[in-house]
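Have a look at start-v9.cif below; it lists mmCIF, C-alpha atoms.
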data_input
loop_
_atom_site.label_atom_id
_atom_site.label_comp_id
_atom_site.auth_asym_id
_atom_site.auth_seq_id
_atom_site.Cartn_x
_atom_site.Cartn_y
_atom_site.Cartn_z
CA MET A 21 0.00 0.00 0.00
CA LYS A 22 1.15 3.53 -0.79
CA VAL A 23 -0.32 6.68 0.73
CA VAL A 24 0.43 10.36 0.19
CA GLN A 25 -0.49 13.76 1.49
CA TYR A 26 -1.37 16.39 -1.06
CA PHE A 27 -2.77 19.89 -1.30
CA LEU A 28 -6.11 20.43 -3.05
CA PRO A 29 -7.17 24.02 -3.84
CA GLY A 30 -10.17 25.03 -1.77
CA LYS A 31 -9.79 22.06 0.59
CA GLY A 32 -6.23 22.17 1.85
CA LYS A 33 -4.25 19.10 2.88
CA ARG A 34 -5.71 15.74 1.90
CA VAL A 35 -4.80 12.09 2.47
CA GLY A 36 -4.58 9.94 -0.64
CA LEU A 37 -4.39 6.20 -1.28
CA ILE A 38 -2.45 5.38 -4.44
CA GLN A 39 -4.03 2.74 -6.66
CA GLY A 40 -2.13 2.40 -9.91
CA ASP A 41 -2.10 5.83 -11.56
CA ARG A 42 -4.96 7.09 -9.40
CA VAL A 43 -5.05 8.74 -6.00
CA LEU A 44 -8.19 8.17 -3.94
CA ASP A 45 -9.05 10.83 -1.40
CA ILE A 46 -9.55 9.07 1.95
CA THR A 47 -9.65 12.21 4.09
CA SER A 48 -12.57 12.06 6.51
CA SER A 49 -13.54 14.67 9.10
CA GLU A 50 -16.19 12.31 10.40
CA GLU A 51 -13.57 9.62 11.07
CA GLY A 52 -10.96 12.09 12.30
CA VAL A 53 -8.56 11.41 9.42
CA HIS A 54 -7.10 14.72 8.33
CA SER A 55 -3.53 13.52 7.79
CA THR A 56 -1.40 10.42 7.40
CA LEU A 57 -0.31 10.97 11.01
CA ASP A 58 -3.95 10.36 11.97
CA LEU A 59 -3.83 7.08 10.01
CA VAL A 60 -0.66 5.98 11.79
CA THR A 61 -2.09 6.96 15.19
CA GLN A 62 -5.48 5.32 14.67
CA GLY A 63 -4.05 2.20 13.03
CA LYS A 64 -1.73 1.56 16.02
CA THR A 65 0.18 -1.09 14.03
CA ALA A 66 1.36 -1.55 10.45
CA ALA A 67 -1.51 -3.97 9.78
CA GLY A 68 -3.97 -1.63 11.48
CA LEU A 69 -2.91 1.25 9.24
CA VAL A 70 -3.52 -0.84 6.12
CA SER A 71 -6.91 -1.95 7.43
CA ARG A 72 -7.92 1.61 8.30
CA ALA A 73 -6.92 3.05 4.90
CA THR A 74 -8.62 0.18 3.03
CA TRP A 75 -11.85 0.66 4.97
CA LEU A 76 -11.90 4.40 4.26
CA ALA A 77 -11.31 3.80 0.53
CA ARG A 78 -14.29 1.44 0.38
CA ARG A 79 -16.56 3.69 2.42
CA LEU A 80 -15.83 6.98 0.64
CA HIS A 81 -16.84 7.37 -2.97
CA ARG A 82 -14.96 10.29 -4.50
CA ARG A 83 -13.52 11.12 -7.88
CA ALA A 84 -9.89 10.02 -8.07
CA LEU A 85 -7.03 12.25 -9.15
CA ASP A 86 -4.39 11.32 -11.68
CA HIS A 87 -1.19 10.75 -9.68
CA ARG A 88 0.80 12.59 -12.34
CA GLU A 89 -1.19 15.77 -11.69
CA LEU A 90 0.39 15.96 -8.23
CA GLN A 91 3.99 15.84 -9.47
CA ARG A 92 4.55 19.58 -9.67
CA ALA A 93 5.94 22.54 -7.80
CA PRO A 94 3.76 23.74 -4.91
CA SER A 95 1.18 26.42 -5.69
CA ARG A 96 -2.03 27.45 -3.97
CA ARG A 97 -3.76 27.21 -7.36
CA VAL A 98 -3.02 23.58 -8.28
CA PRO A 99 -3.03 20.16 -6.58
CA HIS A 100 0.44 19.05 -5.51
CA LEU A 101 2.22 16.64 -3.19
CA VAL A 102 3.25 17.75 0.27
CA MET A 103 5.39 16.01 2.88
CA PRO A 104 3.95 12.47 3.23
CA ILE A 105 3.74 12.77 7.02
CA ASP A 106 4.31 15.54 9.57
CA PRO A 107 6.63 13.71 11.97
CA PRO A 108 6.64 14.88 15.60
CA GLU A 109 10.32 13.90 15.79
CA ILE A 110 12.98 12.77 13.33
CA TRP A 111 16.00 10.71 14.40
CA GLY A 112 19.04 9.54 12.47
CA THR A 113 22.10 7.39 12.98
CA ALA A 114 25.68 8.55 13.41
CA GLY A 115 28.08 5.67 13.92
CA ASN A 116 26.49 2.26 13.97
CA GLY A 117 28.62 0.35 16.45
CA GLU A 118 30.19 -3.05 15.98
CA LEU A 119 27.93 -5.62 14.35
CA ARG A 120 27.84 -9.32 15.09
CA THR A 121 28.02 -11.72 12.14
CA ASP A 122 26.51 -14.65 14.04
CA GLY A 123 23.01 -13.20 14.17
CA ALA A 124 23.32 -12.13 17.79
CA GLU A 125 22.67 -8.62 19.09
CA PRO A 126 25.35 -6.07 18.08
CA THR A 127 28.08 -5.46 20.61
CA ALA A 128 27.45 -1.71 20.68
CA ARG A 129 24.39 0.46 20.62
CA PRO A 130 23.70 2.57 17.51
CA GLY A 131 24.54 6.25 17.65
CA LEU A 132 21.08 7.77 17.40
CA PHE A 133 20.81 11.54 17.14
CA PHE A 134 17.89 13.97 17.04
CA LYS A 135 17.58 15.43 13.54
CA GLY A 136 14.56 17.69 13.71
CA THR A 137 10.81 18.07 13.46
CA ALA A 138 8.26 18.61 10.72
CA ALA A 139 8.82 22.37 10.91
CA ARG A 140 12.48 21.90 9.90
CA SER A 141 11.64 19.50 7.08
CA VAL A 142 10.23 19.71 3.57
CA GLY A 143 8.42 17.45 1.12
CA PRO A 144 8.77 16.82 -2.62
CA ASN A 145 9.59 19.75 -4.93
CA VAL A 146 10.17 22.15 -2.01
CA PRO A 147 13.66 23.69 -1.58
CA VAL A 148 16.08 22.24 0.91
CA ALA A 149 18.58 24.65 2.41
CA ILE A 150 22.27 25.39 2.79
CA ARG A 151 23.04 27.12 6.08
CA HIS A 152 24.12 30.67 5.35
CA ASP A 153 27.30 30.06 7.39
CA SER A 154 28.27 26.84 5.58
CA ARG A 155 30.41 26.49 2.48
CA LEU A 156 30.34 22.70 2.35
CA THR A 157 26.85 21.21 2.63
CA VAL A 158 26.13 17.76 1.19
CA PRO A 159 23.07 15.52 0.79
CA GLU A 160 22.92 12.14 2.51
CA PRO A 161 20.21 9.95 0.95
CA GLY A 162 18.57 7.20 2.92
CA LEU A 163 15.60 5.08 3.85
CA ALA A 164 13.29 6.27 6.62
CA ALA A 165 10.72 4.45 8.71
CA VAL A 166 7.67 5.82 10.52
CA ILE A 167 6.98 4.25 13.90
CA ALA A 168 3.47 3.17 14.94
CA ALA A 169 1.91 3.25 18.40
CA ASP A 170 3.23 -0.25 19.13
CA GLY A 171 6.81 1.01 18.73
CA ARG A 172 7.36 -0.90 15.51
CA VAL A 173 7.83 0.26 11.93
CA ALA A 174 4.55 1.11 10.17
CA VAL A 175 5.66 2.49 6.79
CA PHE A 176 8.78 3.46 4.84
CA THR A 177 9.78 6.41 2.68
CA ALA A 178 12.80 8.05 1.06
CA CYS A 179 14.71 10.85 2.74
CA ASN A 180 17.55 13.31 2.28
CA ASP A 181 19.53 14.30 5.36
CA LEU A 182 21.50 17.47 4.63
CA THR A 183 24.68 18.10 6.60
CA ALA A 184 26.92 21.16 6.79
CA ARG A 185 30.07 19.06 6.64
CA ASP A 186 32.46 21.96 7.26
CA ILE A 187 30.66 22.91 10.47
CA ALA A 188 30.46 19.29 11.65
CA MET A 189 34.19 18.79 11.11
CA ALA A 190 35.19 22.02 12.84
CA HIS A 191 34.30 20.82 16.36
CA PRO A 192 32.23 17.95 17.83
CA ALA A 193 30.11 20.46 19.73
CA TYR A 194 28.92 21.93 16.42
CA LEU A 195 27.31 18.72 15.14
CA SER A 196 23.78 19.70 16.10
CA GLN A 197 24.12 23.01 14.19
CA ALA A 198 25.47 21.12 11.18
CA LYS A 199 22.49 18.75 11.24
CA VAL A 200 19.50 20.66 12.64
CA TYR A 201 18.29 23.77 10.85
CA ARG A 202 15.40 24.92 8.69
CA GLY A 203 15.25 22.99 5.42
CA SER A 204 17.83 20.40 6.51
CA PHE A 205 15.70 17.32 5.83
CA ALA A 206 13.47 16.19 2.98
CA LEU A 207 10.95 13.36 3.11
CA GLY A 208 8.84 11.70 0.43
CA PRO A 209 7.30 11.25 -2.02
CA CYS A 210 4.96 8.72 -0.37
CA LEU A 211 4.61 6.28 2.51
CA VAL A 212 4.97 2.62 1.57
CA THR A 213 4.01 -0.44 3.62
CA ALA A 214 6.33 -3.43 3.86
CA ASP A 215 4.08 -5.62 1.71
CA GLU A 216 5.21 -3.58 -1.32
CA PHE A 217 8.73 -5.04 -0.98
CA VAL A 218 10.29 -8.45 -0.85
CA ASP A 219 12.48 -6.90 1.82
CA PRO A 220 12.88 -3.15 2.44
CA HIS A 221 16.53 -3.79 3.22
CA THR A 222 17.31 -5.06 -0.29
CA LEU A 223 16.35 -1.91 -2.19
CA GLN A 224 18.51 0.27 -4.41
CA VAL A 225 18.98 3.91 -3.41
CA ARG A 226 20.32 6.45 -5.91
CA CYS A 227 21.38 10.03 -5.25
CA SER A 228 21.87 12.51 -8.09
CA ILE A 229 22.85 16.19 -8.19
CA VAL A 230 21.89 18.31 -11.19
CA ARG A 231 23.54 21.69 -11.75
CA ASP A 232 22.62 24.03 -14.60
CA ASP A 233 20.56 21.21 -16.13
CA GLU A 234 23.58 18.89 -16.19
CA PRO A 235 24.12 15.90 -13.88
CA ILE A 236 27.33 16.33 -11.88
CA PHE A 237 26.92 13.38 -9.51
CA SER A 238 25.01 10.11 -9.54
CA GLU A 239 25.70 7.10 -7.36
CA ALA A 240 23.67 4.13 -6.19
CA ALA A 241 23.91 1.77 -3.24
CA ALA A 242 21.89 -1.16 -1.98
CA THR A 243 20.16 -0.98 1.38
CA VAL A 244 21.32 -4.56 1.92
CA GLY A 245 24.61 -2.91 2.93
CA LEU A 246 23.04 -0.87 5.71
CA PRO A 247 24.70 -1.65 9.05
CA ARG A 248 21.44 -1.63 11.01
CA ARG A 249 17.89 -2.64 10.16
CA LEU A 250 15.30 0.06 10.70
CA GLU A 251 13.27 -2.25 12.94
CA GLU A 252 16.30 -2.55 15.18
CA LEU A 253 16.84 1.21 15.25
CA ALA A 254 13.18 1.73 16.18
CA ALA A 255 13.60 -0.69 19.06
CA TRP A 256 16.71 1.08 20.33
CA LEU A 257 15.03 4.47 20.00
CA GLY A 258 12.15 3.30 22.19
CA ARG A 259 14.40 2.24 25.07
CA ASP A 260 13.62 4.59 27.97
CA ASN A 261 12.47 7.13 25.38
CA PRO A 262 8.72 7.34 24.68
CA CYS A 263 8.15 7.62 20.94
CA VAL A 264 4.83 9.08 19.90
CA PRO A 265 3.22 7.63 16.75
CA GLY A 266 4.67 9.17 13.63
CA THR A 267 8.19 9.46 15.01
CA THR A 268 10.54 8.89 12.07
CA VAL A 269 13.95 7.22 12.11
CA PHE A 270 16.27 6.96 9.14
CA VAL A 271 19.54 5.39 8.12
CA GLY A 272 21.83 6.64 5.38
CA ALA A 273 22.65 4.57 2.32
CA TRP A 274 26.40 5.17 2.49
CA ILE A 275 26.55 7.31 -0.62
CA GLU A 276 29.18 9.96 -0.04
CA VAL A 277 29.20 13.14 -2.09
CA PRO A 278 32.78 14.49 -2.43
CA ASP A 279 33.64 17.90 -1.04
CA ALA A 280 34.31 19.21 -4.55
CA LEU A 281 30.62 18.71 -5.37
CA ALA A 282 29.19 20.45 -2.31
CA LEU A 283 25.73 21.85 -2.93
CA ARG A 284 25.16 25.29 -4.42
CA ASP A 285 22.12 27.52 -4.62
CA GLY A 286 20.07 26.39 -7.62
CA ASP A 287 21.18 22.74 -7.65
CA ARG A 288 18.61 19.94 -7.67
CA VAL A 289 18.98 16.81 -5.57
CA ASP A 290 17.14 13.63 -6.55
CA VAL A 291 16.90 10.70 -4.16
CA GLU A 292 15.30 7.66 -5.72
CA VAL A 293 14.46 4.57 -3.68
CA GLN A 294 13.35 1.43 -5.48
CA ALA A 295 9.60 0.75 -4.99
CA VAL A 296 9.17 4.06 -3.17
CA GLY A 297 9.77 6.69 -5.84
CA ARG A 298 11.78 9.82 -6.46
CA LEU A 299 12.20 12.67 -4.00
CA SER A 300 13.30 15.82 -5.82
CA ASN A 301 14.28 19.12 -4.19
CA PHE A 302 15.96 22.24 -5.42
CA VAL A 303 18.63 23.79 -3.21
CA ARG A 304 18.46 27.31 -1.83
CA ASP A 305 20.83 29.32 0.30
CA GLY A 306 19.52 29.85 3.82
CA ASP A 307 19.58 33.63 3.38
CA ALA A 308 17.37 33.32 0.28
CA LEU A 309 14.82 31.18 2.16
CA SER A 310 14.52 33.77 4.93
CA ARG A 311 13.55 36.56 2.54
#
Would you write the structure of this file as structure tokens?
Amino acid sequence: MKVVQYFLPGKGKRVGLIQGDRVLDITSSEEGVHSTLDLVTQGKTAAGLVSRATWLARRLHRRALDHRELQRAPSRRVPHLVMPIDPPEIWGTAGNGELRTDGAEPTARPGLFFKGTAARSVGPNVPVAIRHDSRLTVPEPGLAAVIAADGRVAVFTACNDLTARDIAMAHPAYLSQAKVYRGSFALGPCLVTADEFVDPHTLQVRCSIVRDDEPIFSEAAATVGLPRRLEELAAWLGRDNPCVPGTTVFVGAWIEVPDALALRDGDRVDVEVQAVGRLSNFVRDGDALSR
């Protein structure tokens, strides 16, 4: 199952269930479903989310939209995709500890860090940002998981974790400033349940940078090489740390953009995850976003 959030002129944010090339509107004030976060909260589990969305699709009879009509830059005058969920918290991994090869629990805990909130994040076709005091900001593509009320993974999506590498390398105390700022994280284009994959940890992730309409970087990696499974990260995150439904945790795909190709204002970053879709964002300087 794939679900999206999108903007519809005159109605605002809507919840959509993707069926082939169509998007069915399953928003329901009567049922208290105004967002995908409501679906995650009400569903309580991954199976419950699927059941809830399926029931709404059968109960509501509305004209479907063409999914292609939503693949456009945001405007108040046209339908368009927005961030697929508004996560209360976003967490990432920095340093994944020593892993056991015998199937036992790893010998070290993962290095989980707080990345941000929905207010610091963007969805498809919305600019991500370079801090105005950074000269070396790079994208870090990855796979993200949304946690349900039972503490387990409910759905997956693609993500782009931007890092001001020069600030992070200057001093360990600066890491949070290098990682957490407005426009430092992109999420989308949709939420995908595990039944859409053979295994979400055997997907291909590709990151591309386009500058002046020319590709300057493109590299792919398989999530099979990820040092930690997202289910495991979700379990670690929930240890002595209450995670509200919708909390999102991600792991990078180990695609490293060289310093020489650090992002510039006007670049476009594409993160494509197999079976999920493409997340595209232009890049803007932080000063430009504040004007």
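Remark: for Leu85 in chain A, the closest of the candidate residues A:Lys199, A:His100, A:Arg248, A:Arg42 is A:Arg42 (distances computed over only C-alpha atoms).
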Ground truth for the PyMOL selection byres ((chain A and resi 68-80) around 12), written as an mmCIF file with C-alpha atoms, in the coordinates of the input:
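What ended up in selection37.cif:
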data_model
loop_
_atom_site.group_PDB
_atom_site.id
_atom_site.type_symbol
_atom_site.label_atom_id
_atom_site.label_comp_id
_atom_site.auth_asym_id
_atom_site.auth_seq_id
_atom_site.Cartn_x
_atom_site.Cartn_y
_atom_site.Cartn_z
ATOM 1 C CA MET A 21 0.000 0.000 0.000
ATOM 2 C CA LYS A 22 1.150 3.530 -0.790
ATOM 3 C CA VAL A 23 -0.320 6.680 0.730
ATOM 4 C CA VAL A 24 0.430 10.360 0.190
ATOM 5 C CA VAL A 35 -4.800 12.090 2.470
ATOM 6 C CA GLY A 36 -4.580 9.940 -0.640
ATOM 7 C CA LEU A 37 -4.390 6.200 -1.280
ATOM 8 C CA ILE A 38 -2.450 5.380 -4.440
ATOM 9 C CA GLN A 39 -4.030 2.740 -6.660
ATOM 10 C CA VAL A 43 -5.050 8.740 -6.000
ATOM 11 C CA LEU A 44 -8.190 8.170 -3.940
ATOM 12 C CA ASP A 45 -9.050 10.830 -1.400
ATOM 13 C CA ILE A 46 -9.550 9.070 1.950
ATOM 14 C CA THR A 47 -9.650 12.210 4.090
ATOM 15 C CA SER A 48 -12.570 12.060 6.510
ATOM 16 C CA SER A 49 -13.540 14.670 9.100
ATOM 17 C CA GLU A 50 -16.190 12.310 10.400
ATOM 18 C CA GLU A 51 -13.570 9.620 11.070
ATOM 19 C CA GLY A 52 -10.960 12.090 12.300
ATOM 20 C CA VAL A 53 -8.560 11.410 9.420
ATOM 21 C CA SER A 55 -3.530 13.520 7.790
ATOM 22 C CA THR A 56 -1.400 10.420 7.400
ATOM 23 C CA LEU A 57 -0.310 10.970 11.010
ATOM 24 C CA ASP A 58 -3.950 10.360 11.970
ATOM 25 C CA LEU A 59 -3.830 7.080 10.010
ATOM 26 C CA VAL A 60 -0.660 5.980 11.790
ATOM 27 C CA THR A 61 -2.090 6.960 15.190
ATOM 28 C CA GLN A 62 -5.480 5.320 14.670
ATOM 29 C CA GLY A 63 -4.050 2.200 13.030
ATOM 30 C CA LYS A 64 -1.730 1.560 16.020
ATOM 31 C CA THR A 65 0.180 -1.090 14.030
ATOM 32 C CA ALA A 66 1.360 -1.550 10.450
ATOM 33 C CA ALA A 67 -1.510 -3.970 9.780
ATOM 34 C CA HIS A 81 -16.840 7.370 -2.970
ATOM 35 C CA ARG A 82 -14.960 10.290 -4.500
ATOM 36 C CA ARG A 83 -13.520 11.120 -7.880
ATOM 37 C CA ALA A 84 -9.890 10.020 -8.070
ATOM 38 C CA VAL A 166 7.670 5.820 10.520
ATOM 39 C CA ILE A 167 6.980 4.250 13.900
ATOM 40 C CA ALA A 168 3.470 3.170 14.940
ATOM 41 C CA ALA A 169 1.910 3.250 18.400
ATOM 42 C CA ASP A 170 3.230 -0.250 19.130
ATOM 43 C CA VAL A 173 7.830 0.260 11.930
ATOM 44 C CA ALA A 174 4.550 1.110 10.170
ATOM 45 C CA VAL A 175 5.660 2.490 6.790
ATOM 46 C CA LEU A 211 4.610 6.280 2.510
ATOM 47 C CA VAL A 212 4.970 2.620 1.570
ATOM 48 C CA THR A 213 4.010 -0.440 3.620
ATOM 49 C CA ALA A 214 6.330 -3.430 3.860
ATOM 50 C CA ASP A 215 4.080 -5.620 1.710
ATOM 51 C CA GLU A 216 5.210 -3.580 -1.320
ATOM 52 C CA PRO A 265 3.220 7.630 16.750
ATOM 53 C CA GLY A 266 4.670 9.170 13.630
#
*asked:* As a check of understanding, name the residues that the PyMOL selection byres ((chain A and resi 157) around 9) selects in the supplied structure, as a PyMOL selection string.
replied: chain A and resi 149-151+154-156+158-159+182-187+198+279+282-284
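Those residues returned by the PyMOL selection byres ((chain A and resi 231) around 9) for this file are Ile229, Val230, Asp232, Asp233, Glu234, Pro235, Ile236, Arg284, Gly286, Asp287 and Arg288 of chain A.
Among the candidate residues A:Ala178, A:Leu250, A:Ala241, A:Ala190, the one lying nearest to Met103 in chain A is A:Ala178, with distances computed using all atoms listed in the file.
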Among A:Val289, A:Leu101, A:Ala193, A:Ala255, Pro130 in chain A is approached most closely, using all atoms listed in the file, by A:Ala255
Just range 191-224 of chain A, please, as a PDB file, in the first residue's frame (only N, CA and C atoms).
ATOM      1  N   HIS A 191      34.256  21.124  14.927  1.00  0.00           N
ATOM      2  CA  HIS A 191      34.295  20.820  16.360  1.00  0.00           C
ATOM      3  C   HIS A 191      33.126  19.893  16.677  1.00  0.00           C
ATOM      4  N   PRO A 192      33.332  18.861  17.504  1.00  0.00           N
ATOM      5  CA  PRO A 192      32.229  17.947  17.834  1.00  0.00           C
ATOM      6  C   PRO A 192      31.005  18.644  18.418  1.00  0.00           C
ATOM      7  N   ALA A 193      31.224  19.743  19.112  1.00  0.00           N
ATOM      8  CA  ALA A 193      30.107  20.458  19.729  1.00  0.00           C
ATOM      9  C   ALA A 193      29.213  21.138  18.705  1.00  0.00           C
ATOM     10  N   TYR A 194      29.686  21.248  17.459  1.00  0.00           N
ATOM     11  CA  TYR A 194      28.918  21.931  16.423  1.00  0.00           C
ATOM     12  C   TYR A 194      28.012  20.984  15.633  1.00  0.00           C
ATOM     13  N   LEU A 195      28.041  19.690  15.950  1.00  0.00           N
ATOM     14  CA  LEU A 195      27.315  18.720  15.136  1.00  0.00           C
ATOM     15  C   LEU A 195      25.828  19.034  15.034  1.00  0.00           C
ATOM     16  N   SER A 196      25.217  19.427  16.159  1.00  0.00           N
ATOM     17  CA  SER A 196      23.779  19.701  16.104  1.00  0.00           C
ATOM     18  C   SER A 196      23.477  20.868  15.164  1.00  0.00           C
ATOM     19  N   GLN A 197      24.345  21.889  15.111  1.00  0.00           N
ATOM     20  CA  GLN A 197      24.121  23.006  14.194  1.00  0.00           C
ATOM     21  C   GLN A 197      24.328  22.574  12.743  1.00  0.00           C
ATOM     22  N   ALA A 198      25.223  21.619  12.534  1.00  0.00           N
ATOM     23  CA  ALA A 198      25.471  21.117  11.184  1.00  0.00           C
ATOM     24  C   ALA A 198      24.312  20.271  10.680  1.00  0.00           C
ATOM     25  N   LYS A 199      23.554  19.691  11.592  1.00  0.00           N
ATOM     26  CA  LYS A 199      22.493  18.754  11.241  1.00  0.00           C
ATOM     27  C   LYS A 199      21.084  19.326  11.350  1.00  0.00           C
ATOM     28  N   VAL A 200      20.863  20.219  12.318  1.00  0.00           N
ATOM     29  CA  VAL A 200      19.501  20.658  12.639  1.00  0.00           C
ATOM     30  C   VAL A 200      19.332  22.136  12.299  1.00  0.00           C
ATOM     31  N   TYR A 201      18.597  22.400  11.227  1.00  0.00           N
ATOM     32  CA  TYR A 201      18.289  23.774  10.848  1.00  0.00           C
ATOM     33  C   TYR A 201      17.129  23.726   9.860  1.00  0.00           C
ATOM     34  N   ARG A 202      16.542  24.865   9.588  1.00  0.00           N
ATOM     35  CA  ARG A 202      15.397  24.923   8.686  1.00  0.00           C
ATOM     36  C   ARG A 202      15.774  24.442   7.284  1.00  0.00           C
ATOM     37  N   GLY A 203      14.996  23.502   6.761  1.00  0.00           N
ATOM     38  CA  GLY A 203      15.245  22.993   5.423  1.00  0.00           C
ATOM     39  C   GLY A 203      16.362  21.973   5.348  1.00  0.00           C
ATOM     40  N   SER A 204      16.702  21.334   6.482  1.00  0.00           N
ATOM     41  CA  SER A 204      17.829  20.400   6.508  1.00  0.00           C
ATOM     42  C   SER A 204      17.430  18.958   6.252  1.00  0.00           C
ATOM     43  N   PHE A 205      16.135  18.701   6.015  1.00  0.00           N
ATOM     44  CA  PHE A 205      15.699  17.323   5.835  1.00  0.00           C
ATOM     45  C   PHE A 205      14.523  17.308   4.868  1.00  0.00           C
ATOM     46  N   ALA A 206      14.572  16.360   3.933  1.00  0.00           N
ATOM     47  CA  ALA A 206      13.467  16.186   2.981  1.00  0.00           C
ATOM     48  C   ALA A 206      12.940  14.760   3.093  1.00  0.00           C
ATOM     49  N   LEU A 207      11.632  14.631   2.895  1.00  0.00           N
ATOM     50  CA  LEU A 207      10.948  13.362   3.115  1.00  0.00           C
ATOM     51  C   LEU A 207       9.917  13.167   2.011  1.00  0.00           C
ATOM     52  N   GLY A 208       9.862  11.951   1.441  1.00  0.00           N
ATOM     53  CA  GLY A 208       8.836  11.702   0.432  1.00  0.00           C
ATOM     54  C   GLY A 208       9.293  10.705  -0.625  1.00  0.00           C
ATOM     55  N   PRO A 209       8.533  10.524  -1.691  1.00  0.00           N
ATOM     56  CA  PRO A 209       7.301  11.246  -2.015  1.00  0.00           C
ATOM     57  C   PRO A 209       6.042  10.656  -1.389  1.00  0.00           C
ATOM     58  N   CYS A 210       6.141   9.395  -0.901  1.00  0.00           N
ATOM     59  CA  CYS A 210       4.962   8.719  -0.369  1.00  0.00           C
ATOM     60  C   CYS A 210       5.370   7.814   0.779  1.00  0.00           C
ATOM     61  N   LEU A 211       4.381   7.290   1.481  1.00  0.00           N
ATOM     62  CA  LEU A 211       4.607   6.283   2.514  1.00  0.00           C
ATOM     63  C   LEU A 211       4.259   4.919   1.932  1.00  0.00           C
ATOM     64  N   VAL A 212       5.114   3.930   2.171  1.00  0.00           N
ATOM     65  CA  VAL A 212       4.965   2.616   1.575  1.00  0.00           C
ATOM     66  C   VAL A 212       4.990   1.554   2.670  1.00  0.00           C
ATOM     67  N   THR A 213       4.034   0.655   2.645  1.00  0.00           N
ATOM     68  CA  THR A 213       4.007  -0.436   3.617  1.00  0.00           C
ATOM     69  C   THR A 213       4.925  -1.572   3.165  1.00  0.00           C
ATOM     70  N   ALA A 214       5.332  -2.396   4.128  1.00  0.00           N
ATOM     71  CA  ALA A 214       6.331  -3.427   3.860  1.00  0.00           C
ATOM     72  C   ALA A 214       5.866  -4.460   2.848  1.00  0.00           C
ATOM     73  N   ASP A 215       4.556  -4.611   2.657  1.00  0.00           N
ATOM     74  CA  ASP A 215       4.076  -5.617   1.711  1.00  0.00           C
ATOM     75  C   ASP A 215       4.353  -5.234   0.255  1.00  0.00           C
ATOM     76  N   GLU A 216       4.836  -4.014   0.034  1.00  0.00           N
ATOM     77  CA  GLU A 216       5.209  -3.583  -1.315  1.00  0.00           C
ATOM     78  C   GLU A 216       6.607  -4.075  -1.704  1.00  0.00           C
ATOM     79  N   PHE A 217       7.374  -4.590  -0.726  1.00  0.00           N
ATOM     80  CA  PHE A 217       8.735  -5.041  -0.977  1.00  0.00           C
ATOM     81  C   PHE A 217       8.864  -6.531  -0.689  1.00  0.00           C
ATOM     82  N   VAL A 218       9.851  -7.138  -1.312  1.00  0.00           N
ATOM     83  CA  VAL A 218      10.285  -8.453  -0.850  1.00  0.00           C
ATOM     84  C   VAL A 218      10.958  -8.279   0.500  1.00  0.00           C
ATOM     85  N   ASP A 219      11.803  -7.257   0.583  1.00  0.00           N
ATOM     86  CA  ASP A 219      12.484  -6.896   1.824  1.00  0.00           C
ATOM     87  C   ASP A 219      12.921  -5.445   1.680  1.00  0.00           C
ATOM     88  N   PRO A 220      12.482  -4.558   2.574  1.00  0.00           N
ATOM     89  CA  PRO A 220      12.877  -3.149   2.444  1.00  0.00           C
ATOM     90  C   PRO A 220      14.375  -2.923   2.576  1.00  0.00           C
ATOM     91  N   HIS A 221      15.086  -3.933   3.065  1.00  0.00           N
ATOM     92  CA  HIS A 221      16.528  -3.789   3.225  1.00  0.00           C
ATOM     93  C   HIS A 221      17.308  -4.376   2.053  1.00  0.00           C
ATOM     94  N   THR A 222      16.625  -4.612   0.925  1.00  0.00           N
ATOM     95  CA  THR A 222      17.314  -5.061  -0.291  1.00  0.00           C
ATOM     96  C   THR A 222      16.969  -4.140  -1.456  1.00  0.00           C
ATOM     97  N   LEU A 223      16.731  -2.877  -1.165  1.00  0.00           N
ATOM     98  CA  LEU A 223      16.353  -1.910  -2.188  1.00  0.00           C
ATOM     99  C   LEU A 223      17.570  -1.137  -2.678  1.00  0.00           C
ATOM    100  N   GLN A 224      17.458  -0.602  -3.891  1.00  0.00           N
ATOM    101  CA  GLN A 224      18.507   0.269  -4.408  1.00  0.00           C
ATOM    102  C   GLN A 224      18.152   1.720  -4.119  1.00  0.00           C
TER     103      GLN A 224
END
